[in-house]
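S.K.: Please find entry-v7.cif (mmCIF, C-alpha atoms) on the next line:
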data_work
#
loop_
_atom_site.group_PDB
_atom_site.id
_atom_site.type_symbol
_atom_site.label_atom_id
_atom_site.label_comp_id
_atom_site.auth_asym_id
_atom_site.auth_seq_id
_atom_site.Cartn_x
_atom_site.Cartn_y
_atom_site.Cartn_z
ATOM 1 C CA MET R 1 107.050 -14.832 100.068
ATOM 2 C CA ALA R 2 105.019 -12.891 97.516
ATOM 3 C CA ARG R 3 106.753 -12.158 94.248
ATOM 4 C CA GLU R 4 108.116 -8.671 93.840
ATOM 5 C CA THR R 5 107.898 -8.235 90.072
ATOM 6 C CA LEU R 6 104.826 -8.815 87.939
ATOM 7 C CA THR R 7 103.720 -7.653 84.517
ATOM 8 C CA ARG R 8 100.288 -6.930 83.107
ATOM 9 C CA ALA R 9 100.836 -9.637 80.493
ATOM 10 C CA GLU R 10 101.487 -12.218 83.221
ATOM 11 C CA VAL R 11 98.315 -11.190 85.038
ATOM 12 C CA LEU R 12 96.222 -11.513 81.886
ATOM 13 C CA ALA R 13 97.783 -14.865 80.986
ATOM 14 C CA ALA R 14 97.021 -16.268 84.431
ATOM 15 C CA ALA R 15 93.488 -14.855 84.354
ATOM 16 C CA ALA R 16 92.886 -16.377 80.916
ATOM 17 C CA ALA R 17 94.121 -19.751 82.169
ATOM 18 C CA LEU R 18 91.690 -19.609 85.088
ATOM 19 C CA VAL R 19 88.750 -18.766 82.821
ATOM 20 C CA ARG R 20 89.739 -21.431 80.301
ATOM 21 C CA GLY R 21 89.926 -24.102 82.946
ATOM 22 C CA HIS R 22 87.083 -23.200 85.247
ATOM 23 C CA GLY R 23 84.885 -20.517 83.673
ATOM 24 C CA PRO R 24 84.458 -16.794 84.431
ATOM 25 C CA ALA R 25 82.951 -17.441 87.878
ATOM 26 C CA ALA R 26 86.283 -18.859 89.042
ATOM 27 C CA LEU R 27 88.067 -15.613 88.263
ATOM 28 C CA THR R 28 88.267 -13.668 91.505
ATOM 29 C CA MET R 29 90.974 -11.180 92.337
ATOM 30 C CA ARG R 30 91.900 -13.176 95.442
ATOM 31 C CA ARG R 31 92.241 -16.454 93.529
ATOM 32 C CA LEU R 32 94.197 -14.768 90.755
ATOM 33 C CA ALA R 33 96.574 -13.254 93.302
ATOM 34 C CA ALA R 34 97.072 -16.688 94.845
ATOM 35 C CA GLU R 35 97.822 -18.195 91.436
ATOM 36 C CA LEU R 36 100.450 -15.522 90.834
ATOM 37 C CA ASP R 37 101.799 -15.600 94.393
ATOM 38 C CA THR R 38 101.285 -11.889 94.795
ATOM 39 C CA ALA R 39 99.128 -9.448 96.739
ATOM 40 C CA VAL R 40 95.598 -8.587 95.613
ATOM 41 C CA THR R 41 96.613 -4.934 95.526
ATOM 42 C CA SER R 42 99.224 -5.789 92.909
ATOM 43 C CA ILE R 43 96.526 -7.276 90.670
ATOM 44 C CA TYR R 44 94.450 -4.113 90.997
ATOM 45 C CA TRP R 45 97.470 -1.979 90.200
ATOM 46 C CA HIS R 46 98.129 -3.838 86.938
ATOM 47 C CA VAL R 47 94.589 -4.351 85.598
ATOM 48 C CA GLY R 48 92.155 -2.321 87.696
ATOM 49 C CA ASN R 49 88.998 -3.893 89.091
ATOM 50 C CA ARG R 50 87.446 -7.200 87.994
ATOM 51 C CA GLU R 51 85.335 -5.611 85.249
ATOM 52 C CA SER R 52 88.412 -3.931 83.818
ATOM 53 C CA LEU R 53 90.191 -7.270 83.981
ATOM 54 C CA LEU R 54 87.347 -8.973 82.079
ATOM 55 C CA ASP R 55 87.420 -6.224 79.447
ATOM 56 C CA ALA R 56 91.173 -6.720 79.052
ATOM 57 C CA LEU R 57 90.686 -10.481 78.705
ATOM 58 C CA VAL R 58 88.121 -9.903 75.967
ATOM 59 C CA GLU R 59 90.529 -7.587 74.118
ATOM 60 C CA ARG R 60 93.274 -10.195 74.501
ATOM 61 C CA THR R 61 91.024 -12.952 73.147
ATOM 62 C CA VAL R 62 89.996 -10.856 70.135
ATOM 63 C CA ALA R 63 93.673 -10.183 69.399
ATOM 64 C CA GLU R 64 94.592 -13.871 69.721
ATOM 65 C CA MET R 65 91.780 -14.873 67.376
ATOM 66 C CA GLY R 66 93.290 -12.513 64.820
ATOM 67 C CA ALA R 67 96.468 -14.584 64.490
ATOM 68 C CA ILE R 68 95.283 -16.490 61.396
ATOM 69 C CA ARG R 69 98.051 -17.683 59.077
ATOM 70 C CA PRO R 70 96.673 -19.756 56.161
ATOM 71 C CA ALA R 71 98.841 -22.623 54.910
ATOM 72 C CA GLY R 72 98.774 -24.694 51.749
ATOM 73 C CA ARG R 73 99.691 -24.596 48.073
ATOM 74 C CA THR R 74 96.245 -23.837 46.663
ATOM 75 C CA PRO R 75 93.395 -21.497 47.667
ATOM 76 C CA ALA R 76 91.273 -24.551 48.589
ATOM 77 C CA GLU R 77 93.995 -25.905 50.895
ATOM 78 C CA ARG R 78 94.474 -22.498 52.487
ATOM 79 C CA ILE R 79 90.723 -22.049 53.034
ATOM 80 C CA VAL R 80 90.592 -25.433 54.759
ATOM 81 C CA SER R 81 93.581 -24.423 56.883
ATOM 82 C CA VAL R 82 91.755 -21.272 58.010
ATOM 83 C CA GLY R 83 88.781 -23.430 58.986
ATOM 84 C CA ARG R 84 90.999 -25.776 60.977
ATOM 85 C CA ILE R 85 92.695 -22.885 62.783
ATOM 86 C CA LEU R 86 89.355 -21.263 63.578
ATOM 87 C CA ARG R 87 87.914 -24.527 64.947
ATOM 88 C CA ARG R 88 90.981 -25.075 67.114
ATOM 89 C CA GLU R 89 90.902 -21.545 68.502
ATOM 90 C CA LEU R 90 87.183 -21.731 69.283
ATOM 91 C CA ARG R 91 87.539 -25.104 71.006
ATOM 92 C CA GLU R 92 90.524 -24.027 73.086
ATOM 93 C CA ARG R 93 88.806 -21.046 74.726
ATOM 94 C CA PRO R 94 85.018 -21.556 74.935
ATOM 95 C CA HIS R 95 84.575 -19.521 78.123
ATOM 96 C CA LEU R 96 86.591 -16.623 76.750
ATOM 97 C CA ILE R 97 84.664 -16.739 73.456
ATOM 98 C CA ALA R 98 81.423 -16.565 75.449
ATOM 99 C CA MET R 99 82.725 -13.461 77.221
ATOM 100 C CA VAL R 100 83.519 -11.854 73.873
ATOM 101 C CA HIS R 101 80.006 -12.650 72.678
ATOM 102 C CA GLU R 102 78.415 -11.200 75.824
ATOM 103 C CA ARG R 103 80.220 -7.914 75.198
ATOM 104 C CA GLY R 104 78.951 -7.658 71.619
ATOM 105 C CA LEU R 105 82.354 -8.132 69.984
ATOM 106 C CA THR R 106 81.753 -11.424 68.172
ATOM 107 C CA GLU R 107 81.776 -9.879 64.698
ATOM 108 C CA LEU R 108 85.012 -8.043 65.432
ATOM 109 C CA MET R 109 86.544 -11.288 66.707
ATOM 110 C CA PHE R 110 85.673 -13.124 63.489
ATOM 111 C CA LEU R 111 86.859 -10.321 61.179
ATOM 112 C CA PRO R 112 90.459 -11.596 60.768
ATOM 113 C CA ALA R 113 89.211 -15.056 59.772
ATOM 114 C CA GLN R 114 86.766 -13.491 57.326
ATOM 115 C CA GLN R 115 89.545 -11.350 55.851
ATOM 116 C CA ALA R 116 91.791 -14.391 55.431
ATOM 117 C CA LEU R 117 88.958 -16.308 53.766
ATOM 118 C CA ALA R 118 88.125 -13.350 51.508
ATOM 119 C CA HIS R 119 91.724 -13.221 50.331
ATOM 120 C CA GLU R 120 91.699 -16.920 49.463
ATOM 121 C CA VAL R 121 88.341 -16.978 47.690
ATOM 122 C CA HIS R 122 89.546 -14.015 45.606
ATOM 123 C CA ALA R 123 92.662 -16.022 44.775
ATOM 124 C CA ALA R 124 90.351 -18.830 43.641
ATOM 125 C CA GLY R 125 88.571 -16.434 41.273
ATOM 126 C CA LEU R 126 85.432 -15.648 43.261
ATOM 127 C CA THR R 127 84.238 -12.045 43.561
ATOM 128 C CA GLY R 128 81.274 -10.048 44.774
ATOM 129 C CA ALA R 129 78.271 -11.749 46.322
ATOM 130 C CA ARG R 130 79.543 -15.210 45.425
ATOM 131 C CA ALA R 131 82.772 -14.558 47.294
ATOM 132 C CA ALA R 132 80.844 -13.214 50.290
ATOM 133 C CA ASP R 133 78.640 -16.320 50.330
ATOM 134 C CA ALA R 134 81.733 -18.528 50.291
ATOM 135 C CA VAL R 135 83.313 -16.660 53.212
ATOM 136 C CA ARG R 136 80.173 -16.910 55.325
ATOM 137 C CA ALA R 137 79.465 -20.514 54.372
ATOM 138 C CA VAL R 138 82.891 -21.583 55.631
ATOM 139 C CA GLN R 139 82.561 -19.510 58.795
ATOM 140 C CA PHE R 140 79.102 -20.880 59.577
ATOM 141 C CA GLN R 141 80.243 -24.436 58.859
ATOM 142 C CA VAL R 142 83.112 -24.145 61.318
ATOM 143 C CA VAL R 143 81.119 -22.444 64.074
ATOM 144 C CA GLY R 144 78.169 -24.804 63.641
ATOM 145 C CA PHE R 145 80.434 -27.855 63.776
ATOM 146 C CA VAL R 146 82.055 -26.631 66.988
ATOM 147 C CA LEU R 147 78.649 -26.044 68.588
ATOM 148 C CA VAL R 148 77.521 -29.578 67.692
ATOM 149 C CA GLU R 149 80.803 -30.995 69.017
ATOM 150 C CA ARG R 150 80.460 -29.204 72.332
ATOM 151 C CA ASN R 151 76.823 -30.197 72.660
ATOM 152 C CA ARG R 152 77.736 -33.873 72.166
ATOM 153 C CA GLU R 153 80.593 -33.626 74.658
ATOM 154 C CA ARG R 154 78.425 -32.021 77.354
ATOM 155 C CA SER R 155 75.299 -34.123 76.838
ATOM 156 C CA PRO R 156 74.440 -36.833 79.390
ATOM 157 C CA ALA R 157 75.063 -40.483 78.606
ATOM 158 C CA GLN R 158 72.569 -41.627 76.010
ATOM 159 C CA SER R 159 70.388 -44.692 76.451
ATOM 160 C CA PRO R 160 70.068 -46.337 74.046
ATOM 161 C CA ALA R 161 73.466 -45.309 72.718
ATOM 162 C CA GLU R 162 74.207 -44.851 69.044
ATOM 163 C CA ALA R 163 75.935 -48.233 68.910
ATOM 164 C CA GLU R 164 72.723 -49.881 70.098
ATOM 165 C CA LEU R 165 70.527 -47.965 67.676
ATOM 166 C CA TRP R 166 72.523 -49.129 64.658
ATOM 167 C CA ASP R 167 72.505 -52.907 64.961
ATOM 168 C CA PRO R 168 73.809 -54.393 61.684
ATOM 169 C CA ALA R 169 71.432 -57.325 62.101
ATOM 170 C CA VAL R 170 68.386 -55.062 61.940
ATOM 171 C CA GLY R 171 69.878 -52.177 59.958
ATOM 172 C CA PRO R 172 68.592 -50.615 56.734
ATOM 173 C CA GLY R 173 69.870 -53.392 54.477
ATOM 174 C CA ASP R 174 73.436 -52.023 54.616
ATOM 175 C CA PRO R 175 75.416 -53.766 57.385
ATOM 176 C CA ALA R 176 78.567 -51.778 56.596
ATOM 177 C CA LEU R 177 76.670 -48.515 57.058
ATOM 178 C CA ALA R 178 75.179 -49.734 60.334
ATOM 179 C CA ARG R 179 78.586 -50.835 61.647
ATOM 180 C CA ALA R 180 80.125 -47.488 60.714
ATOM 181 C CA LEU R 181 77.347 -45.492 62.403
ATOM 182 C CA ALA R 182 77.648 -47.670 65.504
ATOM 183 C CA ARG R 183 81.287 -46.692 65.922
ATOM 184 C CA PRO R 184 82.253 -43.541 67.857
ATOM 185 C CA VAL R 185 82.417 -40.336 65.859
ATOM 186 C CA ALA R 186 85.885 -39.194 64.752
ATOM 187 C CA PRO R 187 85.340 -35.401 64.919
ATOM 188 C CA GLU R 188 88.557 -34.313 63.216
ATOM 189 C CA ARG R 189 88.060 -36.654 60.251
ATOM 190 C CA LEU R 190 84.388 -35.691 59.920
ATOM 191 C CA PHE R 191 85.220 -31.995 60.163
ATOM 192 C CA LEU R 192 87.778 -32.195 57.375
ATOM 193 C CA LEU R 193 85.491 -34.341 55.229
ATOM 194 C CA SER R 194 82.626 -31.866 55.478
ATOM 195 C CA LEU R 195 84.779 -28.731 55.170
ATOM 196 C CA ARG R 196 86.666 -30.004 52.129
ATOM 197 C CA ALA R 197 83.413 -31.003 50.435
ATOM 198 C CA LEU R 198 81.964 -27.563 51.135
ATOM 199 C CA VAL R 199 85.042 -25.733 49.860
ATOM 200 C CA ARG R 200 85.177 -27.889 46.742
ATOM 201 C CA SER R 201 81.540 -27.087 45.924
ATOM 202 C CA LEU R 202 82.007 -23.370 46.634
ATOM 203 C CA LEU R 203 85.004 -23.087 44.319
ATOM 204 C CA THR R 204 83.494 -25.132 41.484
ATOM 205 C CA PRO R 205 82.230 -22.800 38.742
ATOM 206 C CA PRO R 206 78.455 -22.954 38.347
ATOM 207 C CA PRO R 207 77.133 -24.585 35.159
ATOM 208 C CA THR R 208 76.604 -22.176 32.296
#
I'd like the structure from this file rewritten - as structure tokens, please.
M.R.:
Amino acid sequence: MARETLTRAEVLAAAAALVRGHGPAALTMRRLAAELDTAVTSIYWHVGNRESLLDALVERTVAEMGAIRPAGRTPAERIVSVGRILRRELRERPHLIAMVHERGLTELMFLPAQQALAHEVHAAGLTGARAADAVRAVQFQVVGFVLVERNRERSPAQSPAEAELWDPAVGPGDPALARALARPVAPERLFLLSLRALVRSLLTPPPT
């Protein structure tokens, strides 16, 4: 029996789950109705047609990306926390982020993260153009890292693989380096290493 009560929020949550798991092409009104155990007409009543539903999903994604709550005792720690939150949010909803981008709302989506970063770089003593450069450097670092991660995850199996390319026996005179590069990448550790190094350099006063 089809459910009798349904809210707009439930419809959007189910639609977002479909897009997250299977991409925008999987989001049909019939499939969404089946997921919610309701009639297709009920979906239309709550969110309108499919284009209206996609617009609502984009608005929902932009709002979710605005929930940035920095954590840490120092500006540097809080900046790193913003980067970690942003990376997590981008990785969790790639299809929805792509929909936001297609509708020309990417800059609006990133505004809350930029505002959080601006607050922290001000707290660290940066102002003006130097503060703006710091905000954008962190944003670009995070987005670029996520793009590289996703490209590696989606790429076909490599032959020769990285482990084969870095043979300690024929390496560059540094067996420990070759062994380390032959091991699988640890994305989280590498992300934090690079982000912390960037933040440290951005907050270090230039030589006088």
S.K.: Which residues of segment 23-90 of chain R come within 9 Å of segment 185-196 of chain R, and for each one, what is the closest pair of atoms and their distance in Å to one decimal, counting only C-alpha atoms, sorted by chain and residue number, as a Markdown table?
M.R.:
| residue | atom | partner | partner_atom | distance |
| --- | --- | --- | --- | --- |
| R:Ala76 | CA | R:Arg196 | CA | 8.0 |
| R:Glu77 | CA | R:Arg196 | CA | 8.5 |
| R:Ile79 | CA | R:Arg196 | CA | 9.0 |
| R:Val80 | CA | R:Arg196 | CA | 6.6 |
| R:Gly83 | CA | R:Leu195 | CA | 7.7 |
| R:Arg84 | CA | R:Leu192 | CA | 8.0 |
S.K.: Please expand the PyMOL selection byres ((chain R and resi 44) around 12) into the concrete residues it hits in this file, giving the result as a list in words.
M.R.: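 Written out, the selection comes to Leu6, Thr7, Arg8, Val11, Leu12, Thr28, Met29, Arg30, Leu32, Ala33, Thr38, Ala39, Val40, Thr41, Ser42, Ile43, Trp45, His46, Val47, Gly48, Asn49, Arg50, Glu51, Ser52 and Leu53 of chain R.
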S.K.: Next, write the just-selected residues to a file, as a compact mmCIF listing (two decimals), in the frame of the given file, keeping C-alpha atoms as the atom set.
M.R.:
# COMPACT_ATOMS: atom_id res chain seq x y z
CA LEU R 6 104.83 -8.82 87.94
CA THR R 7 103.72 -7.65 84.52
CA ARG R 8 100.29 -6.93 83.11
CA VAL R 11 98.32 -11.19 85.04
CA LEU R 12 96.22 -11.51 81.89
CA THR R 28 88.27 -13.67 91.50
CA MET R 29 90.97 -11.18 92.34
CA ARG R 30 91.90 -13.18 95.44
CA LEU R 32 94.20 -14.77 90.76
CA ALA R 33 96.57 -13.25 93.30
CA THR R 38 101.28 -11.89 94.80
CA ALA R 39 99.13 -9.45 96.74
CA VAL R 40 95.60 -8.59 95.61
CA THR R 41 96.61 -4.93 95.53
CA SER R 42 99.22 -5.79 92.91
CA ILE R 43 96.53 -7.28 90.67
CA TRP R 45 97.47 -1.98 90.20
CA HIS R 46 98.13 -3.84 86.94
CA VAL R 47 94.59 -4.35 85.60
CA GLY R 48 92.16 -2.32 87.70
CA ASN R 49 89.00 -3.89 89.09
CA ARG R 50 87.45 -7.20 87.99
CA GLU R 51 85.34 -5.61 85.25
CA SER R 52 88.41 -3.93 83.82
CA LEU R 53 90.19 -7.27 83.98
S.K.: Around (85.7, -23.3, 64.6) in the file's frame, which residues reach within 9 Å when counting only C-alpha atoms? Return as a PyMOL selection string?
M.R.: chain R and resi 83-91+139-147
S.K.: Here's the selection I'm unsure about, the PyMOL selection byres ((chain R and resi 99) around 10); applied to the file above, which residues does it give, as a JSON list (two decimals) with C-alpha atoms, in the coordinates of the input?
M.R.:
[["chain", "number", "residue", "atom", "x", "y", "z"],
["R", 19, "VAL", "CA", 88.75, -18.77, 82.82],
["R", 23, "GLY", "CA", 84.88, -20.52, 83.67],
["R", 24, "PRO", "CA", 84.46, -16.79, 84.43],
["R", 54, "LEU", "CA", 87.35, -8.97, 82.08],
["R", 55, "ASP", "CA", 87.42, -6.22, 79.45],
["R", 57, "LEU", "CA", 90.69, -10.48, 78.70],
["R", 58, "VAL", "CA", 88.12, -9.90, 75.97],
["R", 61, "THR", "CA", 91.02, -12.95, 73.15],
["R", 94, "PRO", "CA", 85.02, -21.56, 74.94],
["R", 95, "HIS", "CA", 84.58, -19.52, 78.12],
["R", 96, "LEU", "CA", 86.59, -16.62, 76.75],
["R", 97, "ILE", "CA", 84.66, -16.74, 73.46],
["R", 98, "ALA", "CA", 81.42, -16.57, 75.45],
["R", 100, "VAL", "CA", 83.52, -11.85, 73.87],
["R", 101, "HIS", "CA", 80.01, -12.65, 72.68],
["R", 102, "GLU", "CA", 78.42, -11.20, 75.82],
["R", 103, "ARG", "CA", 80.22, -7.91, 75.20],
["R", 104, "GLY", "CA", 78.95, -7.66, 71.62],
["R", 105, "LEU", "CA", 82.35, -8.13, 69.98],
["R", 106, "THR", "CA", 81.75, -11.42, 68.17]]
S.K.: What does the structure give for the distance between atom CA of Met109 of chain R and atom CA of Ala63 of chain R, in Å to one decimal?
M.R.: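 Atom-to-atom, atom CA of Met109 of chain R and atom CA of Ala63 of chain R are spaced 7.7 Å apart.
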S.K.: Looking at R:Leu165, R:Ala67, R:Val82, R:Val138, which one is nearest to Leu181 of chain R, with distances taken over only C-alpha atoms?
M.R.: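 Selected residue with least distance to Leu181 of chain R: R:Leu165.
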S.K.: What does the distance between atom CA of Glu107 of chain R and atom CA of Glu149 of chain R come to in Å, to one decimal place?
M.R.: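 Atom CA of Glu149 of chain R lies 21.6 Å from atom CA of Glu107 of chain R.
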S.K.: How far is it from atom CA of Pro205 of chain R to atom CA of Arg73 of chain R, in Å with one decimal?
M.R.: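 We find that atom CA of Pro205 of chain R and atom CA of Arg73 of chain R lie 19.9 Å from each other.
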S.K.: Rank nothing, just name the residue among R:Ala180, R:Gln114, R:Arg152, R:Thr5 nearest to Ala137 of chain R, using all atoms listed in the file.
M.R.: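 Checking each candidate against Ala137 of chain R, we get R:Gln114 as the closest.
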S.K.: Please give the centre and size of the box around segment 16-20 of chain R (axis-aligned, containing every atom listed in the file, 6 Å added per side), with values in Å to one decimal and written as AutoDock Vina command-line options.
M.R.:
--center_x 91.4 --center_y -18.9 --center_z 82.7 --size_x 17.4 --size_y 17.1 --size_z 16.8
S.K.: Spell out the residues picked by the PyMOL selection byres ((chain R and resi 112) around 10) here, as a tab-separated table (two decimals) with C-alpha atoms, in the coordinates of the input.
M.R.:
chain	number	residue	atom	x	y	z
R	62	VAL	CA	90.00	-10.86	70.14
R	63	ALA	CA	93.67	-10.18	69.40
R	65	MET	CA	91.78	-14.87	67.38
R	66	GLY	CA	93.29	-12.51	64.82
R	67	ALA	CA	96.47	-14.58	64.49
R	68	ILE	CA	95.28	-16.49	61.40
R	69	ARG	CA	98.05	-17.68	59.08
R	107	GLU	CA	81.78	-9.88	64.70
R	108	LEU	CA	85.01	-8.04	65.43
R	109	MET	CA	86.54	-11.29	66.71
R	110	PHE	CA	85.67	-13.12	63.49
R	111	LEU	CA	86.86	-10.32	61.18
R	113	ALA	CA	89.21	-15.06	59.77
R	114	GLN	CA	86.77	-13.49	57.33
R	115	GLN	CA	89.54	-11.35	55.85
R	116	ALA	CA	91.79	-14.39	55.43
R	117	LEU	CA	88.96	-16.31	53.77
R	118	ALA	CA	88.12	-13.35	51.51
S.K.: Between R:Ala131, R:Ala14, R:Ala34, R:Ala182, which has the minimum distance to Trp166 of chain R (counting all atoms listed in the file)?
M.R.: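 The shortest atom-to-atom distance to Trp166 of chain R comes from R:Ala182.
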S.K.: I'd like to know which of R:Ala26, R:Pro184, R:Pro156, R:Glu35 is closest to Glu10 of chain R, using only C-alpha atoms.
M.R.: R:Glu35
